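Undergrad: Just run.pdb, nothing more (PDB, C-alpha atoms, pLDDT in the B column):
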ATOM      1  CA  MET A  16     149.209 133.174  98.469  1.00 41.00           C
ATOM      2  CA  ARG A  17     148.982 134.967 101.765  1.00 46.00           C
ATOM      3  CA  PHE A  18     147.130 131.956 103.324  1.00 44.00           C
ATOM      4  CA  SER A  19     149.746 129.481 102.210  1.00 47.00           C
ATOM      5  CA  THR A  20     152.483 131.695 103.667  1.00 45.00           C
ATOM      6  CA  SER A  21     150.842 131.695 107.124  1.00 47.00           C
ATOM      7  CA  VAL A  22     150.443 127.882 107.025  1.00 48.00           C
ATOM      8  CA  GLY A  23     154.109 127.659 106.108  1.00 59.00           C
ATOM      9  CA  VAL A  24     155.109 129.791 109.080  1.00 58.00           C
ATOM     10  CA  GLY A  25     153.003 127.606 111.425  1.00 61.00           C
ATOM     11  CA  TYR A  26     154.582 124.460 110.037  1.00 55.00           C
ATOM     12  CA  VAL A  27     158.077 125.866 110.400  1.00 57.00           C
ATOM     13  CA  ALA A  28     157.275 126.899 113.982  1.00 59.00           C
ATOM     14  CA  LYS A  29     156.085 123.335 114.788  1.00 56.00           C
ATOM     15  CA  VAL A  30     159.189 121.774 113.247  1.00 53.00           C
ATOM     16  CA  TYR A  31     161.367 124.250 115.142  1.00 57.00           C
ATOM     17  CA  LEU A  32     159.579 123.447 118.422  1.00 55.00           C
ATOM     18  CA  CYS A  33     159.929 119.670 117.873  1.00 50.00           C
ATOM     19  CA  GLY A  34     163.617 120.147 117.088  1.00 54.00           C
ATOM     20  CA  LEU A  35     164.062 122.252 120.211  1.00 53.00           C
ATOM     21  CA  ILE A  36     162.310 119.642 122.376  1.00 51.00           C
ATOM     22  CA  MET A  37     164.494 116.862 120.942  1.00 50.00           C
ATOM     23  CA  TYR A  38     167.610 119.012 121.345  1.00 49.00           C
ATOM     24  CA  VAL A  39     167.107 119.532 125.072  1.00 48.00           C
ATOM     25  CA  GLY A  40     166.201 115.843 125.539  1.00 48.00           C
ATOM     26  CA  LEU A  41     162.640 116.421 126.618  1.00 53.00           C
ATOM     27  CA  CYS A  42     159.573 114.402 125.787  1.00 57.00           C
ATOM     28  CA  MET A  43     156.108 113.839 127.229  1.00 60.00           C
ATOM     29  CA  VAL A  44     155.536 111.137 129.837  1.00 67.00           C
ATOM     30  CA  SER A  45     153.472 108.070 128.850  1.00 83.00           C
ATOM     31  CA  VAL A  46     150.116 107.092 130.372  1.00 87.00           C
ATOM     32  CA  GLU A  47     151.744 103.844 131.561  1.00 89.00           C
ATOM     33  CA  TYR A  48     154.365 105.818 133.470  1.00 91.00           C
ATOM     34  CA  LEU A  49     151.730 108.133 134.944  1.00 91.00           C
ATOM     35  CA  LYS A  50     149.931 105.069 136.333  1.00 95.00           C
ATOM     36  CA  PHE A  51     153.184 103.836 137.883  1.00 96.00           C
ATOM     37  CA  SER A  52     153.773 107.255 139.427  1.00 94.00           C
ATOM     38  CA  ARG A  53     150.234 107.399 140.839  1.00 96.00           C
ATOM     39  CA  ALA A  54     150.624 103.835 142.198  1.00 97.00           C
ATOM     40  CA  HIS A  55     153.896 104.753 143.929  1.00 96.00           C
ATOM     41  CA  ARG A  56     152.556 107.965 145.458  1.00 95.00           C
ATOM     42  CA  TRP A  57     149.448 106.141 146.693  1.00 97.00           C
ATOM     43  CA  PHE A  58     151.631 103.385 148.192  1.00 97.00           C
ATOM     44  CA  GLU A  59     153.727 105.947 150.083  1.00 95.00           C
ATOM     45  CA  ARG A  60     150.665 107.904 151.248  1.00 95.00           C
ATOM     46  CA  GLU A  61     148.655 104.858 152.355  1.00 96.00           C
ATOM     47  CA  HIS A  62     151.539 102.766 153.647  1.00 95.00           C
ATOM     48  CA  GLY A  63     150.320 102.965 157.259  1.00 94.00           C
ATOM     49  CA  LYS A  64     146.880 101.591 156.305  1.00 96.00           C
ATOM     50  CA  LEU A  65     148.389  99.003 153.971  1.00 97.00           C
ATOM     51  CA  ALA A  66     150.605  97.759 156.815  1.00 96.00           C
ATOM     52  CA  GLU A  67     147.476  96.792 158.766  1.00 96.00           C
ATOM     53  CA  LEU A  68     146.401  94.512 155.899  1.00 97.00           C
ATOM     54  CA  TYR A  69     149.637  93.370 154.230  1.00 97.00           C
ATOM     55  CA  ASP A  70     152.334  93.467 156.920  1.00 96.00           C
ATOM     56  CA  GLY A  71     155.311  91.363 155.760  1.00 95.00           C
ATOM     57  CA  GLU A  72     154.046  91.036 152.178  1.00 97.00           C
ATOM     58  CA  TRP A  73     155.041  92.328 148.761  1.00 97.00           C
ATOM     59  CA  ILE A  74     152.275  94.011 146.811  1.00 98.00           C
ATOM     60  CA  ALA A  75     152.085  94.915 143.132  1.00 98.00           C
ATOM     61  CA  VAL A  76     150.155  98.115 142.415  1.00 98.00           C
ATOM     62  CA  GLU A  77     148.982  98.948 138.908  1.00 97.00           C
ATOM     63  CA  ASP A  78     147.466 102.370 139.604  1.00 97.00           C
ATOM     64  CA  GLU A  79     146.251 104.428 142.548  1.00 97.00           C
ATOM     65  CA  GLY A  80     144.404 101.973 144.857  1.00 96.00           C
ATOM     66  CA  VAL A  81     144.685  99.059 142.393  1.00 97.00           C
ATOM     67  CA  ILE A  82     146.547  96.132 144.003  1.00 98.00           C
ATOM     68  CA  VAL A  83     146.892  93.346 141.444  1.00 98.00           C
ATOM     69  CA  GLU A  84     148.875  90.763 143.457  1.00 97.00           C
ATOM     70  CA  SER A  85     150.334  90.213 146.911  1.00 98.00           C
ATOM     71  CA  ASP A  86     152.583  87.536 148.391  1.00 98.00           C
ATOM     72  CA  LYS A  87     155.101  87.056 151.186  1.00 96.00           C
ATOM     73  CA  ASP A  88     157.521  85.608 148.606  1.00 95.00           C
ATOM     74  CA  PHE A  89     158.899  88.211 146.182  1.00 96.00           C
ATOM     75  CA  ASN A  90     159.831  85.705 143.473  1.00 95.00           C
ATOM     76  CA  LEU A  91     156.426  83.997 143.611  1.00 97.00           C
ATOM     77  CA  LEU A  92     154.781  87.399 143.241  1.00 98.00           C
ATOM     78  CA  LEU A  93     156.835  88.126 140.104  1.00 98.00           C
ATOM     79  CA  LYS A  94     156.049  84.659 138.715  1.00 97.00           C
ATOM     80  CA  ARG A  95     152.304  85.124 139.192  1.00 98.00           C
ATOM     81  CA  LEU A  96     152.362  88.578 137.607  1.00 98.00           C
ATOM     82  CA  ARG A  97     154.160  87.203 134.533  1.00 98.00           C
ATOM     83  CA  GLU A  98     151.723  84.271 134.308  1.00 98.00           C
ATOM     84  CA  ARG A  99     148.908  86.840 134.161  1.00 97.00           C
ATOM     85  CA  GLY A 100     150.683  88.668 131.346  1.00 97.00           C
ATOM     86  CA  LEU A 101     151.611  91.630 133.550  1.00 97.00           C
ATOM     87  CA  ASP A 102     155.096  93.139 133.381  1.00 96.00           C
ATOM     88  CA  PRO A 103     156.472  93.593 136.933  1.00 97.00           C
ATOM     89  CA  GLY A 104     158.974  96.089 135.537  1.00 96.00           C
ATOM     90  CA  LYS A 105     156.160  98.481 134.736  1.00 94.00           C
ATOM     91  CA  LEU A 106     154.176  98.053 137.950  1.00 97.00           C
ATOM     92  CA  PHE A 107     155.015  99.480 141.343  1.00 97.00           C
ATOM     93  CA  VAL A 108     156.110  96.572 143.561  1.00 98.00           C
ATOM     94  CA  GLY A 109     156.733  97.391 147.206  1.00 97.00           C
ATOM     95  CA  TYR A 110     157.285  95.659 150.504  1.00 96.00           C
ATOM     96  CA  VAL A 111     154.760  96.495 153.207  1.00 97.00           C
ATOM     97  CA  SER A 112     155.971  96.523 156.773  1.00 94.00           C
ATOM     98  CA  LYS A 113     154.975  98.081 160.057  1.00 93.00           C
ATOM     99  CA  GLU A 114     158.708  98.343 160.737  1.00 89.00           C
ATOM    100  CA  PRO A 115     160.453 101.122 158.777  1.00 87.00           C
ATOM    101  CA  LEU A 116     163.682 100.051 157.064  1.00 86.00           C
ATOM    102  CA  VAL A 117     166.926 101.187 158.686  1.00 83.00           C
ATOM    103  CA  ALA A 118     169.682 100.914 156.091  1.00 78.00           C
ATOM    104  CA  ILE A 119     173.206 102.187 155.542  1.00 73.00           C
ATOM    105  CA  LEU A 120     173.926 102.399 151.835  1.00 68.00           C
TER     106      LEU A 120
ATOM    107  CA  MET B  23     164.106 122.945 135.268  1.00 91.00           C
ATOM    108  CA  ARG B  24     163.225 120.965 138.334  1.00 95.00           C
ATOM    109  CA  VAL B  25     162.667 117.253 139.124  1.00 96.00           C
ATOM    110  CA  ARG B  26     160.639 116.757 142.274  1.00 95.00           C
ATOM    111  CA  GLY B  27     161.414 113.911 144.688  1.00 96.00           C
ATOM    112  CA  PHE B  28     159.530 112.401 147.631  1.00 93.00           C
ATOM    113  CA  LEU B  29     160.256 111.838 151.278  1.00 95.00           C
ATOM    114  CA  SER B  30     159.387 108.251 152.169  1.00 94.00           C
ATOM    115  CA  SER B  31     158.506 107.347 155.729  1.00 91.00           C
ATOM    116  CA  ARG B  32     159.002 103.660 154.907  1.00 91.00           C
ATOM    117  CA  PHE B  33     162.597 104.365 155.936  1.00 91.00           C
ATOM    118  CA  ARG B  34     163.838 105.455 159.327  1.00 92.00           C
ATOM    119  CA  PRO B  35     164.635 108.304 159.210  1.00 94.00           C
ATOM    120  CA  PRO B  36     162.578 109.198 156.109  1.00 94.00           C
ATOM    121  CA  ALA B  37     164.530 108.891 152.847  1.00 95.00           C
ATOM    122  CA  PRO B  38     164.548 110.955 149.617  1.00 96.00           C
ATOM    123  CA  LEU B  39     163.233 109.077 146.580  1.00 97.00           C
ATOM    124  CA  VAL B  40     162.745 109.962 142.952  1.00 97.00           C
ATOM    125  CA  GLU B  41     160.708 108.193 140.248  1.00 96.00           C
ATOM    126  CA  ALA B  42     162.195 107.484 136.842  1.00 96.00           C
ATOM    127  CA  LEU B  43     161.654 105.678 133.604  1.00 96.00           C
ATOM    128  CA  ILE B  44     164.700 103.630 132.681  1.00 96.00           C
ATOM    129  CA  ASN B  45     165.577 102.300 129.235  1.00 96.00           C
ATOM    130  CA  VAL B  46     168.008  99.393 129.474  1.00 95.00           C
ATOM    131  CA  PRO B  47     169.475  98.028 126.212  1.00 94.00           C
ATOM    132  CA  ALA B  48     168.167  94.477 125.484  1.00 91.00           C
ATOM    133  CA  ILE B  49     165.669  94.791 128.352  1.00 92.00           C
ATOM    134  CA  GLY B  50     163.560  97.773 127.333  1.00 93.00           C
ATOM    135  CA  GLU B  51     161.721 100.539 129.142  1.00 94.00           C
ATOM    136  CA  ARG B  52     160.878  99.956 132.793  1.00 95.00           C
ATOM    137  CA  HIS B  53     159.706 102.079 135.727  1.00 96.00           C
ATOM    138  CA  ILE B  54     161.704 102.554 138.901  1.00 97.00           C
ATOM    139  CA  VAL B  55     161.890 104.411 142.215  1.00 98.00           C
ATOM    140  CA  LEU B  56     165.421 105.390 143.228  1.00 98.00           C
ATOM    141  CA  LEU B  57     166.917 106.443 146.540  1.00 97.00           C
ATOM    142  CA  ILE B  58     168.814 109.718 146.095  1.00 97.00           C
ATOM    143  CA  ASP B  59     172.157 108.817 147.669  1.00 96.00           C
ATOM    144  CA  THR B  60     174.970 111.375 147.630  1.00 95.00           C
ATOM    145  CA  GLY B  61     177.161 108.773 149.353  1.00 93.00           C
ATOM    146  CA  ALA B  62     176.982 106.434 146.367  1.00 93.00           C
ATOM    147  CA  SER B  63     179.414 106.978 143.493  1.00 93.00           C
ATOM    148  CA  VAL B  64     177.252 105.388 140.839  1.00 95.00           C
ATOM    149  CA  THR B  65     173.608 104.741 140.006  1.00 97.00           C
ATOM    150  CA  THR B  66     172.956 101.132 140.914  1.00 96.00           C
ATOM    151  CA  LEU B  67     170.212  98.625 140.296  1.00 97.00           C
ATOM    152  CA  LEU B  68     169.725  96.310 143.264  1.00 95.00           C
ATOM    153  CA  ASP B  69     168.166  92.882 143.615  1.00 95.00           C
ATOM    154  CA  SER B  70     164.424  93.591 143.769  1.00 97.00           C
ATOM    155  CA  ASP B  71     164.366  95.990 140.813  1.00 97.00           C
ATOM    156  CA  ALA B  72     166.691  93.695 138.865  1.00 97.00           C
ATOM    157  CA  GLY B  73     164.190  90.874 139.531  1.00 97.00           C
ATOM    158  CA  ARG B  74     161.305  93.038 138.339  1.00 97.00           C
ATOM    159  CA  PHE B  75     163.248  93.696 135.133  1.00 97.00           C
ATOM    160  CA  GLY B  76     163.957  89.980 134.615  1.00 96.00           C
ATOM    161  CA  ILE B  77     167.657  90.301 135.461  1.00 96.00           C
ATOM    162  CA  THR B  78     168.394  87.223 137.570  1.00 93.00           C
ATOM    163  CA  ILE B  79     171.888  86.299 138.711  1.00 92.00           C
ATOM    164  CA  ASP B  80     171.995  83.510 136.098  1.00 93.00           C
ATOM    165  CA  TYR B  81     170.925  85.978 133.365  1.00 95.00           C
ATOM    166  CA  ALA B  82     173.577  88.456 134.520  1.00 95.00           C
ATOM    167  CA  ARG B  83     176.362  85.837 134.512  1.00 94.00           C
ATOM    168  CA  GLU B  84     175.481  84.904 130.944  1.00 95.00           C
ATOM    169  CA  HIS B  85     174.581  88.249 129.385  1.00 95.00           C
ATOM    170  CA  LEU B  86     176.049  91.145 131.373  1.00 95.00           C
ATOM    171  CA  LYS B  87     179.562  92.523 131.573  1.00 95.00           C
ATOM    172  CA  SER B  88     181.332  92.335 134.935  1.00 93.00           C
ATOM    173  CA  ALA B  89     182.058  95.765 136.419  1.00 88.00           C
ATOM    174  CA  PRO B  90     185.614  96.926 135.640  1.00 81.00           C
ATOM    175  CA  HIS B  91     186.300  97.746 139.269  1.00 71.00           C
ATOM    176  CA  LYS B  92     185.124  96.396 142.612  1.00 66.00           C
ATOM    177  CA  VAL B  93     182.264  98.176 144.338  1.00 67.00           C
ATOM    178  CA  VAL B  94     182.323  98.401 148.112  1.00 62.00           C
ATOM    179  CA  GLY B  95     179.643  99.437 150.567  1.00 59.00           C
ATOM    180  CA  ILE B  96     176.808  96.991 150.168  1.00 53.00           C
ATOM    181  CA  GLY B  97     176.755  94.110 152.620  1.00 57.00           C
ATOM    182  CA  GLY B  98     176.965  90.412 151.840  1.00 60.00           C
ATOM    183  CA  MET B  99     178.630  88.619 148.965  1.00 68.00           C
ATOM    184  CA  ALA B 100     177.521  90.406 145.824  1.00 85.00           C
ATOM    185  CA  GLU B 101     178.314  90.263 142.133  1.00 90.00           C
ATOM    186  CA  THR B 102     178.644  93.520 140.230  1.00 93.00           C
ATOM    187  CA  TYR B 103     177.830  94.037 136.570  1.00 96.00           C
ATOM    188  CA  ILE B 104     177.643  97.078 134.336  1.00 96.00           C
ATOM    189  CA  ILE B 105     175.259  97.963 131.524  1.00 97.00           C
ATOM    190  CA  ASP B 106     176.503 100.741 129.234  1.00 96.00           C
ATOM    191  CA  GLY B 107     174.317 103.308 127.530  1.00 96.00           C
ATOM    192  CA  VAL B 108     171.333 103.198 129.847  1.00 97.00           C
ATOM    193  CA  GLU B 109     168.875 106.060 129.495  1.00 97.00           C
ATOM    194  CA  LEU B 110     167.249 107.381 132.656  1.00 97.00           C
ATOM    195  CA  MET B 111     164.285 109.703 132.203  1.00 96.00           C
ATOM    196  CA  LEU B 112     163.309 111.948 135.084  1.00 95.00           C
ATOM    197  CA  THR B 113     159.998 113.795 135.130  1.00 90.00           C
ATOM    198  CA  LEU B 114     160.061 117.562 135.373  1.00 91.00           C
ATOM    199  CA  GLU B 115     157.474 119.503 137.361  1.00 88.00           C
ATOM    200  CA  GLU B 116     156.009 120.713 134.069  1.00 82.00           C
ATOM    201  CA  GLY B 117     155.214 117.093 133.091  1.00 82.00           C
ATOM    202  CA  MET B 118     157.978 116.717 130.521  1.00 85.00           C
ATOM    203  CA  GLU B 119     160.884 114.305 130.841  1.00 87.00           C
ATOM    204  CA  VAL B 120     164.607 114.954 130.860  1.00 93.00           C
ATOM    205  CA  SER B 121     166.930 112.197 129.730  1.00 95.00           C
ATOM    206  CA  GLU B 122     170.249 111.235 131.336  1.00 97.00           C
ATOM    207  CA  THR B 123     172.624 108.699 129.814  1.00 97.00           C
ATOM    208  CA  LEU B 124     174.723 106.605 132.182  1.00 97.00           C
ATOM    209  CA  ASN B 125     176.492 103.316 132.716  1.00 96.00           C
ATOM    210  CA  LEU B 126     174.251 101.422 135.138  1.00 97.00           C
ATOM    211  CA  PHE B 127     175.787  99.235 137.812  1.00 96.00           C
ATOM    212  CA  VAL B 128     173.854  96.106 138.752  1.00 96.00           C
ATOM    213  CA  VAL B 129     174.628  94.592 142.157  1.00 93.00           C
ATOM    214  CA  LEU B 130     173.169  91.133 142.695  1.00 93.00           C
ATOM    215  CA  HIS B 131     173.252  88.748 145.628  1.00 89.00           C
ATOM    216  CA  ASP B 132     172.980  85.007 145.058  1.00 85.00           C
ATOM    217  CA  SER B 133     169.815  84.282 147.047  1.00 82.00           C
ATOM    218  CA  ARG B 134     170.819  80.598 147.274  1.00 84.00           C
ATOM    219  CA  THR B 135     173.634  81.603 149.642  1.00 83.00           C
ATOM    220  CA  LEU B 136     171.462  83.788 151.907  1.00 83.00           C
ATOM    221  CA  SER B 137     169.276  83.043 154.904  1.00 86.00           C
ATOM    222  CA  ASP B 138     165.574  83.944 154.666  1.00 86.00           C
ATOM    223  CA  GLU B 139     166.108  87.015 156.838  1.00 86.00           C
ATOM    224  CA  GLU B 140     169.092  88.243 154.789  1.00 85.00           C
ATOM    225  CA  ARG B 141     167.187  87.677 151.553  1.00 88.00           C
ATOM    226  CA  GLU B 142     164.197  89.694 152.782  1.00 88.00           C
ATOM    227  CA  LEU B 143     166.335  92.607 153.962  1.00 88.00           C
ATOM    228  CA  ILE B 144     168.380  92.727 150.754  1.00 90.00           C
ATOM    229  CA  LEU B 145     165.245  92.666 148.620  1.00 94.00           C
ATOM    230  CA  ARG B 146     163.902  95.651 150.556  1.00 93.00           C
ATOM    231  CA  LEU B 147     166.896  97.798 149.607  1.00 93.00           C
ATOM    232  CA  PRO B 148     165.974 100.354 146.951  1.00 95.00           C
ATOM    233  CA  SER B 149     168.000 100.982 143.824  1.00 97.00           C
ATOM    234  CA  ILE B 150     170.210 104.040 144.044  1.00 97.00           C
ATOM    235  CA  LEU B 151     170.574 107.309 142.173  1.00 98.00           C
ATOM    236  CA  GLY B 152     174.277 107.998 142.680  1.00 97.00           C
ATOM    237  CA  ARG B 153     176.552 110.991 142.208  1.00 97.00           C
ATOM    238  CA  ASP B 154     177.143 110.129 138.542  1.00 97.00           C
ATOM    239  CA  VAL B 155     173.668 111.612 137.970  1.00 98.00           C
ATOM    240  CA  VAL B 156     173.065 113.709 141.128  1.00 98.00           C
ATOM    241  CA  ASN B 157     176.194 115.789 140.387  1.00 98.00           C
ATOM    242  CA  ARG B 158     174.646 116.950 137.117  1.00 97.00           C
ATOM    243  CA  TYR B 159     172.052 118.829 139.210  1.00 97.00           C
ATOM    244  CA  CYS B 160     171.749 121.066 142.236  1.00 97.00           C
ATOM    245  CA  LEU B 161     170.163 118.896 144.935  1.00 97.00           C
ATOM    246  CA  HIS B 162     167.759 120.668 147.271  1.00 97.00           C
ATOM    247  CA  PHE B 163     166.886 118.569 150.336  1.00 96.00           C
ATOM    248  CA  ASN B 164     164.997 119.935 153.315  1.00 96.00           C
ATOM    249  CA  ALA B 165     163.488 116.979 155.188  1.00 94.00           C
ATOM    250  CA  SER B 166     161.737 119.097 157.823  1.00 94.00           C
ATOM    251  CA  ARG B 167     159.782 120.883 155.065  1.00 94.00           C
ATOM    252  CA  GLY B 168     159.410 117.790 152.864  1.00 91.00           C
ATOM    253  CA  GLU B 169     161.260 119.517 150.008  1.00 95.00           C
ATOM    254  CA  ILE B 170     163.353 117.400 147.663  1.00 96.00           C
ATOM    255  CA  TYR B 171     164.221 118.369 144.144  1.00 96.00           C
ATOM    256  CA  LEU B 172     166.971 118.173 141.580  1.00 97.00           C
ATOM    257  CA  GLU B 173     167.432 121.415 139.679  1.00 96.00           C
ATOM    258  CA  ARG B 174     169.566 122.869 136.910  1.00 91.00           C
TER     259      ARG B 174
END
Any chance you could put this one into structure tokens?
TA:
Amino acid sequence: MRFSTSVGVGYVAKVYLCGLIMYVGLCMVSVEYLKFSRAHRWFEREHGKLAELYDGEWIAVEDEGVIVESDKDFNLLLKRLRERGLDPGKLFVGYVSKEPLVAIL
Amino acid sequence: MRVRGFLSSRFRPPAPLVEALINVPAIGERHIVLLIDTGASVTTLLDSDAGRFGITIDYAREHLKSAPHKVVGIGGMAETYIIDGVELMLTLEEGMEVSETLNLFVVLHDSRTLSDEERELILRLPSILGRDVVNRYCLHFNASRGEIYLER
């Protein structure tokens, strides 16, 4: 009887925690998103080195250090990714240039 | 809770960016890097990210709703659309995500009317995290110390 009560308290605590997490709009990040984040951070960190190899090209990065496609033409790059069954919307796709972008937005 | 951003030296001078997961109705979940722009009224998807998400100008003309008011500030002839009920998920330092609901503006240029140089420059422009979301947070930005975060 005592055992079943403690299990019940644990269960209630878990349900309460899940409810609390949903209430504040929080959830855990997916592995897919973590790969995108690592790819982006790597791209920013290594951009100087990448510019020596890919100046004037678009590159698609799947994870840290994993370049899956590159092309000077953005639309061709997207087309090739889709032909390979990769979703460009879930990969980091960035333009590599020795010249930093000056923009007024 | 705090969402950490990045200072990108791909821009001159370096620009504040933030990563997000975006859930667009009828498109699905996608990943994006946004420029934190306190000068922009609304969060806006620009050409290259729209292309990554499969939103071409022909798709937009057929499936998206035109924006109810004109948007000024972005160069060239552009078409503006709006997608209601978009969910933007920002990652907290603790590894959890916080969700923001917004009406996403989509600004698209018809590449057929642009020169090669214009097309390249427009595609390089990042999508924007505007004040519709930034104002829900306290923005801390210290470029000299590389500190960027949204907090509340």
Undergrad: Find the residues around region 50-61 of chain A up to 9 Å (all atoms listed in the file counted), leave out those fewer than 3 positions away in its own chain, and share them as an mmCIF file with C-alpha atoms, in the frame of the given file.
TA:
data_model
loop_
_atom_site.group_PDB
_atom_site.id
_atom_site.type_symbol
_atom_site.label_atom_id
_atom_site.label_comp_id
_atom_site.auth_asym_id
_atom_site.auth_seq_id
_atom_site.Cartn_x
_atom_site.Cartn_y
_atom_site.Cartn_z
ATOM 1 C CA SER A 45 153.472 108.070 128.850
ATOM 2 C CA VAL A 46 150.116 107.092 130.372
ATOM 3 C CA GLU A 47 151.744 103.844 131.561
ATOM 4 C CA LYS A 64 146.880 101.591 156.305
ATOM 5 C CA LEU A 65 148.389 99.003 153.971
ATOM 6 C CA ALA A 66 150.605 97.759 156.815
ATOM 7 C CA VAL A 76 150.155 98.115 142.415
ATOM 8 C CA GLU A 77 148.982 98.948 138.908
ATOM 9 C CA ASP A 78 147.466 102.370 139.604
ATOM 10 C CA GLU A 79 146.251 104.428 142.548
ATOM 11 C CA GLY A 80 144.404 101.973 144.857
ATOM 12 C CA VAL A 81 144.685 99.059 142.393
ATOM 13 C CA ILE A 82 146.547 96.132 144.003
ATOM 14 C CA LYS A 105 156.160 98.481 134.736
ATOM 15 C CA LEU A 106 154.176 98.053 137.950
ATOM 16 C CA PHE A 107 155.015 99.480 141.343
ATOM 17 C CA VAL A 108 156.110 96.572 143.561
ATOM 18 C CA GLY A 109 156.733 97.391 147.206
ATOM 19 C CA PHE B 28 159.530 112.401 147.631
ATOM 20 C CA LEU B 29 160.256 111.838 151.278
ATOM 21 C CA SER B 30 159.387 108.251 152.169
ATOM 22 C CA SER B 31 158.506 107.347 155.729
ATOM 23 C CA ARG B 32 159.002 103.660 154.907
ATOM 24 C CA GLU B 41 160.708 108.193 140.248
ATOM 25 C CA ALA B 42 162.195 107.484 136.842
ATOM 26 C CA HIS B 53 159.706 102.079 135.727
ATOM 27 C CA ILE B 54 161.704 102.554 138.901
ATOM 28 C CA VAL B 55 161.890 104.411 142.215
#
Undergrad: So what does the ChimeraX specification (/B :<10) & /A actually pick up in this one, as a VMD selection string?
TA: chain A and resid 36 39 to 45 47 to 49 51 to 52 55 to 56 58 to 60 62 to 63 71 73 87 to 90 92 to 94 97 102 to 120
Undergrad: Mind pulling up the distance from CA of Cys160 (chain B) to CA of Val46 (chain B)?
TA: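 Distance between the two atoms: 25.4 Å.
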Undergrad: Between CA of Ala89 (chain B) and CA of Glu101 (chain B), what is the distance in Å, rounded to a tenth?
TA: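 Answer for the CA of Ala89 (chain B) to CA of Glu101 (chain B) separation: 8.8 Å.
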Undergrad: Would you kindly return, as an mmCIF file with C-alpha atoms, keeping the file's coordinate frame, each protein, DNA or RNA residue with an atom no farther than 8 Å from any atom of Leu67 (chain B), considering only C-alpha atoms and excluding same-chain residues fewer than 2 positions away?
TA:
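Below is the file that was written, part_30.cif:
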data_model
loop_
_atom_site.group_PDB
_atom_site.id
_atom_site.type_symbol
_atom_site.label_atom_id
_atom_site.label_comp_id
_atom_site.auth_asym_id
_atom_site.auth_seq_id
_atom_site.Cartn_x
_atom_site.Cartn_y
_atom_site.Cartn_z
ATOM 1 C CA THR B 65 173.608 104.741 140.006
ATOM 2 C CA ASP B 69 168.166 92.882 143.615
ATOM 3 C CA ASP B 71 164.366 95.990 140.813
ATOM 4 C CA ALA B 72 166.691 93.695 138.865
ATOM 5 C CA LEU B 126 174.251 101.422 135.138
ATOM 6 C CA PHE B 127 175.787 99.235 137.812
ATOM 7 C CA VAL B 128 173.854 96.106 138.752
ATOM 8 C CA VAL B 129 174.628 94.592 142.157
ATOM 9 C CA SER B 149 168.000 100.982 143.824
ATOM 10 C CA ILE B 150 170.210 104.040 144.044
#
Undergrad: Calculate how many Å separate CA of Arg158 (chain B) from CA of Leu172 (chain B), rounding to one decimal.
TA: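 For CA of Arg158 (chain B) relative to CA of Leu172 (chain B), the distance reads 9.0 Å.
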